[in-house]
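Listing of upload-v5.cif, mmCIF, C-alpha atoms and all ligand atoms
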data_my_file
#
loop_
_atom_site.label_atom_id
_atom_site.label_comp_id
_atom_site.auth_asym_id
_atom_site.auth_seq_id
_atom_site.Cartn_x
_atom_site.Cartn_y
_atom_site.Cartn_z
CA MET A 21 -16.50 -54.52 8.24
CA LYS A 22 -13.44 -54.20 10.51
CA LYS A 23 -12.25 -51.27 8.40
CA GLN A 24 -15.64 -49.56 8.82
CA LEU A 25 -15.51 -50.05 12.60
CA PHE A 26 -11.98 -48.64 12.66
CA TYR A 27 -13.04 -45.45 10.80
CA THR A 28 -16.13 -45.03 13.03
CA VAL A 29 -14.02 -45.24 16.18
CA PHE A 30 -11.25 -43.08 14.68
CA PHE A 31 -13.58 -40.24 13.63
CA SER A 32 -15.51 -40.40 16.94
CA MET A 33 -12.25 -39.92 18.79
CA LEU A 34 -11.23 -37.09 16.46
CA LEU A 35 -14.59 -35.34 16.99
CA ALA A 36 -14.39 -35.76 20.77
CA GLY A 37 -10.89 -34.29 20.65
CA CYS A 38 -12.12 -31.28 18.67
CA GLN A 39 -15.02 -30.71 21.04
CA GLU A 40 -12.61 -30.77 23.95
CA LYS A 41 -10.44 -28.19 22.15
CA VAL A 42 -13.48 -25.96 21.50
CA LYS A 43 -14.34 -26.21 25.19
CA GLU A 44 -10.79 -25.26 26.09
CA ALA A 45 -10.83 -22.35 23.64
CA ALA A 46 -14.17 -21.12 24.93
CA SER A 47 -13.18 -21.21 28.57
CA PRO A 48 -11.37 -17.83 28.66
CA LEU A 49 -14.63 -16.17 27.64
CA GLU A 50 -16.54 -17.61 30.55
CA PRO A 51 -17.09 -15.10 33.34
CA LYS A 52 -14.72 -15.47 36.25
CA GLU A 53 -15.32 -14.55 39.82
CA GLY A 54 -13.68 -11.36 40.96
CA PRO A 55 -13.66 -7.57 40.58
CA SER A 56 -12.96 -7.72 36.82
CA VAL A 57 -16.55 -8.88 36.15
CA ILE A 58 -18.57 -5.68 36.14
CA VAL A 59 -22.32 -5.98 35.83
CA HIS A 60 -24.08 -2.83 34.65
CA GLU A 61 -26.36 -1.41 37.36
CA GLU A 62 -29.36 -1.87 35.00
CA TYR A 63 -28.79 -5.62 35.34
CA SER A 64 -28.12 -5.80 39.05
CA GLY A 65 -31.50 -7.31 40.04
CA ALA A 66 -32.27 -10.98 40.33
CA GLU A 67 -30.83 -12.99 37.43
CA PRO A 68 -33.60 -13.67 34.82
CA THR A 69 -34.56 -17.28 34.46
CA THR A 70 -36.62 -17.06 31.24
CA PRO A 71 -35.77 -15.50 27.84
CA GLU A 72 -38.93 -13.31 27.96
CA GLU A 73 -37.62 -11.37 30.95
CA THR A 74 -34.90 -9.79 28.75
CA GLU A 75 -37.06 -9.07 25.66
CA PHE A 76 -38.75 -5.65 25.27
CA TYR A 77 -41.46 -4.45 22.88
CA GLU A 78 -41.87 -0.81 23.97
CA PRO A 79 -41.16 1.90 23.08
CA LYS A 80 -41.63 1.05 19.42
CA VAL A 81 -38.81 1.96 17.02
CA PRO A 82 -39.81 4.60 14.42
CA VAL A 83 -39.77 3.38 10.84
CA VAL A 84 -37.50 5.51 8.63
CA GLY A 85 -37.19 5.05 4.87
CA PRO A 86 -33.59 4.12 4.07
CA ALA A 87 -30.83 6.30 2.61
CA THR A 88 -29.47 3.71 0.20
CA GLU A 89 -29.05 4.18 -3.55
CA GLY A 90 -29.18 7.96 -3.44
CA ARG A 91 -32.45 8.07 -1.51
CA ILE A 92 -33.06 10.42 1.38
CA PRO A 93 -34.26 9.09 4.76
CA SER A 94 -37.97 9.72 5.12
CA ASP A 95 -37.49 11.82 8.28
CA ALA A 96 -34.66 13.97 6.86
CA ILE A 97 -34.87 17.72 6.33
CA VAL A 98 -33.72 18.49 2.79
CA LEU A 99 -31.44 21.53 2.87
CA PHE A 100 -30.43 21.50 -0.78
CA ASP A 101 -31.90 19.40 -3.58
CA GLY A 102 -30.56 21.41 -6.51
CA ARG A 103 -33.69 23.43 -7.18
CA SER A 104 -33.05 26.56 -5.15
CA LEU A 105 -30.94 28.18 -2.43
CA GLU A 106 -34.05 29.09 -0.44
CA ASN A 107 -32.87 27.30 2.71
CA TRP A 108 -29.60 29.28 2.74
CA ILE A 109 -28.57 32.84 3.51
CA SER A 110 -25.35 34.81 3.55
CA ALA A 111 -23.50 34.21 6.83
CA LYS A 112 -22.21 37.78 6.69
CA ASP A 113 -25.45 39.74 6.56
CA SER A 114 -28.35 37.25 6.38
CA THR A 115 -29.28 38.38 2.86
CA ALA A 116 -30.06 35.82 0.14
CA ALA A 117 -27.26 33.32 -0.54
CA LYS A 118 -25.27 34.48 -3.57
CA TRP A 119 -23.64 31.21 -4.60
CA HIS A 120 -24.11 29.85 -8.14
CA LEU A 121 -27.04 27.49 -8.70
CA ASN A 122 -26.08 25.08 -11.49
CA ASP A 123 -28.18 23.18 -14.03
CA ASP A 124 -26.91 19.79 -12.79
CA GLY A 125 -28.53 20.07 -9.36
CA SER A 126 -25.46 21.47 -7.61
CA MET A 127 -24.35 24.82 -6.29
CA THR A 128 -20.86 26.34 -6.44
CA VAL A 129 -19.07 28.79 -4.18
CA ASN A 130 -19.35 32.30 -5.60
CA ASP A 131 -15.88 33.54 -4.78
CA LYS A 132 -15.59 36.24 -2.14
CA THR A 133 -19.36 36.53 -1.61
CA GLY A 134 -18.80 34.86 1.76
CA ASP A 135 -19.93 31.75 3.62
CA ILE A 136 -23.54 30.64 3.41
CA GLN A 137 -25.55 29.18 6.26
CA THR A 138 -28.85 27.45 6.80
CA LYS A 139 -31.83 29.57 7.81
CA GLN A 140 -32.69 26.89 10.31
CA ASN A 141 -30.62 26.23 13.44
CA PHE A 142 -29.69 22.73 14.55
CA GLY A 143 -28.31 20.95 17.59
CA ASP A 144 -27.31 17.28 17.37
CA VAL A 145 -27.55 16.03 13.80
CA GLN A 146 -26.77 13.40 11.24
CA LEU A 147 -25.71 15.39 8.18
CA HIS A 148 -25.20 14.22 4.61
CA VAL A 149 -23.25 16.46 2.23
CA GLU A 150 -21.84 15.81 -1.24
CA TRP A 151 -19.03 18.00 -2.52
CA ARG A 152 -16.73 18.23 -5.50
CA SER A 153 -13.52 20.13 -6.19
CA PRO A 154 -12.75 21.19 -9.77
CA GLU A 155 -11.17 18.71 -12.18
CA ASP A 156 -8.79 21.38 -13.53
CA VAL A 157 -6.69 21.94 -10.45
CA GLN A 158 -5.20 25.31 -9.61
CA ARG A 159 -2.72 26.16 -6.89
CA ASP A 160 -1.50 23.99 -4.02
CA GLY A 161 -1.85 23.20 -0.34
CA GLN A 162 -4.68 24.93 1.48
CA ASN A 163 -5.48 26.99 -1.62
CA ARG A 164 -6.70 24.08 -3.76
CA GLY A 165 -10.42 23.40 -3.54
CA ASN A 166 -10.70 24.61 0.05
CA SER A 167 -14.14 24.89 1.61
CA GLY A 168 -15.63 23.44 4.76
CA VAL A 169 -18.72 22.28 6.60
CA PHE A 170 -19.23 24.00 9.96
CA LEU A 171 -21.42 22.43 12.64
CA SER A 172 -23.19 24.94 14.86
CA GLY A 173 -21.42 27.46 12.61
CA LEU A 174 -18.27 26.94 14.71
CA TYR A 175 -16.64 23.57 14.13
CA GLU A 176 -15.17 22.86 10.71
CA VAL A 177 -14.96 19.56 8.91
CA GLN A 178 -12.40 20.45 6.26
CA VAL A 179 -13.19 20.23 2.56
CA LEU A 180 -10.03 20.25 0.45
CA ASP A 181 -8.66 18.85 -2.80
CA ASN A 182 -5.88 16.76 -1.25
CA ASN A 183 -5.14 14.63 -4.30
CA ASP A 184 -1.35 14.79 -4.82
CA ASN A 185 -1.52 17.90 -2.71
CA PRO A 186 0.09 17.48 0.70
CA THR A 187 -0.61 19.96 3.47
CA TYR A 188 -0.52 19.88 7.27
CA VAL A 189 -2.34 16.66 8.21
CA ASN A 190 -4.56 18.23 10.85
CA GLY A 191 -5.84 20.56 8.14
CA GLN A 192 -6.18 18.04 5.33
CA VAL A 193 -9.40 16.80 3.81
CA ALA A 194 -11.85 15.44 6.44
CA SER A 195 -9.80 16.79 9.32
CA ILE A 196 -11.55 18.55 12.17
CA TYR A 197 -9.62 21.64 11.29
CA LYS A 198 -6.41 21.87 13.35
CA GLN A 199 -7.81 19.47 15.97
CA HIS A 200 -8.16 15.97 14.59
CA THR A 201 -6.24 14.41 11.71
CA PRO A 202 -8.46 12.00 9.77
CA MET A 203 -7.72 8.28 10.16
CA ALA A 204 -7.64 7.87 6.37
CA MET A 205 -7.51 9.89 3.15
CA ALA A 206 -10.54 8.63 1.25
CA SER A 207 -11.02 11.21 -1.52
CA VAL A 208 -12.23 10.38 -5.01
CA PRO A 209 -10.29 11.93 -7.94
CA SER A 210 -10.60 15.70 -8.38
CA GLY A 211 -13.75 16.51 -10.31
CA GLU A 212 -15.74 13.57 -8.88
CA TRP A 213 -18.33 13.78 -6.11
CA ASN A 214 -17.33 13.05 -2.50
CA THR A 215 -19.76 12.26 0.30
CA TYR A 216 -19.53 13.26 3.93
CA ASP A 217 -21.78 11.61 6.48
CA ILE A 218 -21.35 13.44 9.74
CA ILE A 219 -22.74 12.67 13.18
CA TYR A 220 -22.50 15.67 15.45
CA HIS A 221 -23.31 16.01 19.12
CA ALA A 222 -23.16 19.60 20.26
CA PRO A 223 -21.28 20.61 23.42
CA GLU A 224 -23.30 21.38 26.51
CA PHE A 225 -22.95 24.47 28.68
CA ASN A 226 -24.23 25.37 32.13
CA GLU A 227 -26.16 28.54 32.92
CA GLU A 228 -22.94 30.43 33.67
CA GLY A 229 -21.71 29.59 30.17
CA GLY A 230 -19.15 27.00 31.26
CA LYS A 231 -18.73 23.92 29.12
CA ILE A 232 -19.94 20.86 30.99
CA LYS A 233 -19.70 18.37 28.14
CA SER A 234 -17.61 18.45 24.96
CA GLY A 235 -19.21 18.03 21.57
CA THR A 236 -18.26 15.06 19.41
CA LEU A 237 -17.92 14.40 15.70
CA THR A 238 -17.98 11.23 13.67
CA VAL A 239 -17.25 11.50 9.95
CA LEU A 240 -17.49 9.00 7.12
CA HIS A 241 -15.76 10.19 3.96
CA ASN A 242 -17.05 8.28 0.94
CA GLY A 243 -18.25 5.58 3.34
CA VAL A 244 -14.88 5.30 5.13
CA LEU A 245 -14.77 6.09 8.85
CA VAL A 246 -12.25 8.92 9.19
CA GLN A 247 -13.28 10.57 12.48
CA ASP A 248 -14.51 8.21 15.18
CA HIS A 249 -16.52 10.07 17.81
CA VAL A 250 -13.71 12.55 18.38
CA GLU A 251 -13.92 15.19 21.10
CA LEU A 252 -14.42 18.78 20.02
CA LYS A 253 -11.95 20.76 22.07
CA GLY A 254 -13.55 24.00 20.94
CA THR A 255 -13.77 26.14 17.83
CA THR A 256 -11.51 25.48 14.83
CA PRO A 257 -9.68 28.75 14.11
CA TYR A 258 -6.97 29.27 11.49
CA ILE A 259 -4.85 31.08 14.09
CA GLY A 260 -5.04 30.44 17.81
CA TRP A 261 -6.31 27.86 20.27
CA PRO A 262 -9.81 26.39 20.20
CA LYS A 263 -12.27 28.50 22.21
CA ASN A 264 -15.46 27.46 23.94
CA PRO A 265 -18.07 30.20 23.63
CA PRO A 266 -21.41 29.00 25.02
CA HIS A 267 -24.06 28.45 22.38
CA GLY A 268 -27.34 26.76 21.72
CA LYS A 269 -28.56 25.51 18.38
CA GLY A 270 -26.77 27.07 15.42
CA PRO A 271 -26.71 27.08 11.62
CA LEU A 272 -24.85 24.72 9.34
CA VAL A 273 -22.32 26.78 7.40
CA LEU A 274 -20.54 26.15 4.08
CA GLN A 275 -17.26 28.00 3.62
CA ASP A 276 -16.20 30.40 0.90
CA HIS A 277 -12.44 30.23 1.38
CA GLY A 278 -12.06 33.36 -0.75
CA ASP A 279 -9.46 32.05 -3.20
CA ASN A 280 -11.60 30.96 -6.13
CA SER A 281 -11.95 27.42 -4.75
CA ARG A 282 -14.84 26.59 -7.16
CA VAL A 283 -16.03 23.86 -4.78
CA SER A 284 -19.56 22.60 -5.50
CA TYR A 285 -22.16 21.00 -3.25
CA ARG A 286 -25.25 18.88 -3.86
CA ASN A 287 -27.72 16.59 -2.03
CA ILE A 288 -27.54 18.10 1.44
CA TRP A 289 -29.88 16.68 4.06
CA VAL A 290 -29.98 16.48 7.80
CA ARG A 291 -31.68 14.39 10.48
CA GLU A 292 -32.14 15.93 13.89
CA LEU A 293 -31.01 13.58 16.64
MG MG B 301 -11.76 25.06 4.87
#
Rewrite the structure from the file as structure tokens, please.
Amino acid sequence: MKKQLFYTVFFSMLLAGCQEKVKEAASPLEPKEGPSVIVHEEYSGAEPTTPEETEFYEPKVPVVGPATEGRIPSDAIVLFDGRSLENWISAKDSTAAKWHLNDDGSMTVNDKTGDIQTKQNFGDVQLHVEWRSPEDVQRDGQNRGNSGVFLSGLYEVQVLDNNDNPTYVNGQVASIYKQHTPMAMASVPSGEWNTYDIIYHAPEFNEEGGKIKSGTLTVLHNGVLVQDHVELKGTTPYIGWPKNPPHGKGPLVLQDHGDNSRVSYRNIWVREL
């Protein structure tokens, strides 16, 4: 009986001690008086006293079918599903896209026929693209499986076979070409399919054509965050500084690098934001 009483008292004291420790640990998170506590202007009215005052039911959130397990979100615009190139044209002369349409639901760069672009123009988007570089590798550096995805036709997210193929890091796979080095190299082996999930916010320009807000890009390469809301400083040229020509909505462009890259694409869809 005595033993039982001892354990009861002992564990009660232990528990009380722990609770005190938790209290101590929690205290730094409690708001302190002073200029460091910034309340957002939206919340500057009288402090709510009931939970209902901070719960909202309107506007309703649209229901969108999910993009898991190879499915396409129900509100996405399908740009390429493997059946035809009808949503694409030559970027050079707006004639029909001349890339190869393959039996496996993909398309492949037709060397030196030029870039292809969407018929439709887009502003801010969430873009899903799958791409593959050839399993039998040829050449090195920027000349191995080089292609690219251009937002607004101007800003390139680099496509490159970087497996055992070093190049300048701000031009490697998933770079924002010559502007932002990716945070990770997340490629699958050459010959396997990569995914890019890109969130793009276009730059904004005033009536005089001056840039008033930079565009931004977020890129997930095979599900790995590699570009985290980075600022677009301008266009992504091979030679020269980024430029900021004013523009509105523009096409999505896929690059023909012109050196027999043999890069393929499949399952391309976009959600307008
Ligand atoms: Mg490229």
If the limit is 6 Å from any atom of ligand MG 301 (chain B), counting only C-alpha atoms and all ligand atoms, which residues qualify? Return them as a ChimeraX atom specification. /A:166-168,178-179
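Within 6 Å of range 249-256 of chain A, once all atoms listed in the file are used and residues closer than 6 positions along the same chain are dropped, the contacting residues are Leu174, Tyr175, Tyr197, Ser234, Gly235, Thr236, Leu237, Thr238, Pro262, Lys263 and Asn264 of chain A.
Every protein, DNA or RNA residue with an atom at most 9 Å from range 97-99 of chain A, where only C-alpha atoms count and chain neighbours fewer than 6 positions away do not, is listed here: Leu105, Glu106, Asn107, Trp108, Thr138, Asn287, Ile288, Trp289, Val290, Arg291 and Glu292 of chain A.
Put simply, CA of Ser94 in chain A is 28.4 Å away from CA of Glu224 in chain A.
The list of residues with at least one atom within 8 Å of Ser207 in chain A, based on all atoms listed in the file and without residues fewer than 4 positions apart in the same chain, reads Asn182, Asn183, Val193, Asn214, His241 and Asn242 of chain A.
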Keeping only C-alpha atoms, take the residues you just selected and write them out as a PDB file, in the frame of the given file.
ATOM      1  CA  ASN A 182      -5.880  16.760  -1.250  1.00  0.00           C
ATOM      2  CA  ASN A 183      -5.140  14.630  -4.300  1.00  0.00           C
ATOM      3  CA  VAL A 193      -9.400  16.800   3.810  1.00  0.00           C
ATOM      4  CA  ASN A 214     -17.330  13.050  -2.500  1.00  0.00           C
ATOM      5  CA  HIS A 241     -15.760  10.190   3.960  1.00  0.00           C
ATOM      6  CA  ASN A 242     -17.050   8.280   0.940  1.00  0.00           C
TER       7      ASN A 242
END
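Interatomic distance, CA of Arg282 in chain A against CA of Ile92 in chain A: 25.8 Å.
Here CA of Trp119 in chain A stands at a distance of 27.1 Å from CA of His267 in chain A.
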What's around Gln158 in chain A at 12 Å? Count all atoms listed in the file, leave out sequence neighbours fewer than 5 positions away in its own chain, and write the answer as a PyMOL selection string. chain A and resi 153+163-166+181-183+185+210+279-283
Would you output range 261-277 of chain A from that structure, restricted to N, CA and C atoms, as a tab-separated table (two decimals), in the first residue's frame?
chain	number	residue	atom	x	y	z
A	261	TRP	N	22.24	40.06	-71.62
A	261	TRP	CA	21.50	40.23	-70.38
A	261	TRP	C	20.00	39.98	-70.61
A	262	PRO	N	19.29	39.64	-69.55
A	262	PRO	CA	17.83	39.52	-69.66
A	262	PRO	C	17.22	40.86	-70.06
A	263	LYS	N	16.23	40.81	-70.94
A	263	LYS	CA	15.54	42.03	-71.39
A	263	LYS	C	14.09	41.97	-70.93
A	264	ASN	N	13.45	43.13	-70.90
A	264	ASN	CA	12.07	43.17	-70.42
A	264	ASN	C	11.12	43.83	-71.41
A	265	PRO	N	10.92	43.18	-72.56
A	265	PRO	CA	9.96	43.73	-73.52
A	265	PRO	C	8.55	43.57	-72.96
A	266	PRO	N	7.73	44.62	-73.05
A	266	PRO	CA	6.36	44.48	-72.54
A	266	PRO	C	5.59	43.46	-73.35
A	267	HIS	N	4.75	42.70	-72.67
A	267	HIS	CA	3.92	41.71	-73.38
A	267	HIS	C	2.69	41.37	-72.57
A	268	GLY	N	1.70	40.88	-73.28
A	268	GLY	CA	0.50	40.38	-72.62
A	268	GLY	C	0.58	38.87	-72.57
A	269	LYS	N	-0.56	38.22	-72.78
A	269	LYS	CA	-0.56	36.77	-72.81
A	269	LYS	C	0.28	36.29	-73.98
A	270	GLY	N	0.88	35.12	-73.85
A	270	GLY	CA	1.73	34.60	-74.92
A	270	GLY	C	1.65	33.09	-74.98
A	271	PRO	N	2.24	32.50	-76.03
A	271	PRO	CA	2.16	31.05	-76.19
A	271	PRO	C	3.14	30.31	-75.27
A	272	LEU	N	2.88	29.05	-75.05
A	272	LEU	CA	3.86	28.17	-74.44
A	272	LEU	C	4.67	27.57	-75.58
A	273	VAL	N	5.98	27.58	-75.45
A	273	VAL	CA	6.85	27.16	-76.55
A	273	VAL	C	7.72	25.99	-76.09
A	274	LEU	N	7.90	25.01	-76.98
A	274	LEU	CA	8.84	23.91	-76.75
A	274	LEU	C	9.98	24.06	-77.75
A	275	GLN	N	11.20	23.89	-77.25
A	275	GLN	CA	12.39	24.24	-78.04
A	275	GLN	C	12.92	23.09	-78.88
A	276	ASP	N	13.23	23.42	-80.13
A	276	ASP	CA	14.07	22.57	-80.98
A	276	ASP	C	15.46	23.17	-80.92
A	277	HIS	N	16.36	22.54	-80.19
A	277	HIS	CA	17.69	23.10	-79.99
A	277	HIS	C	18.55	23.01	-81.25
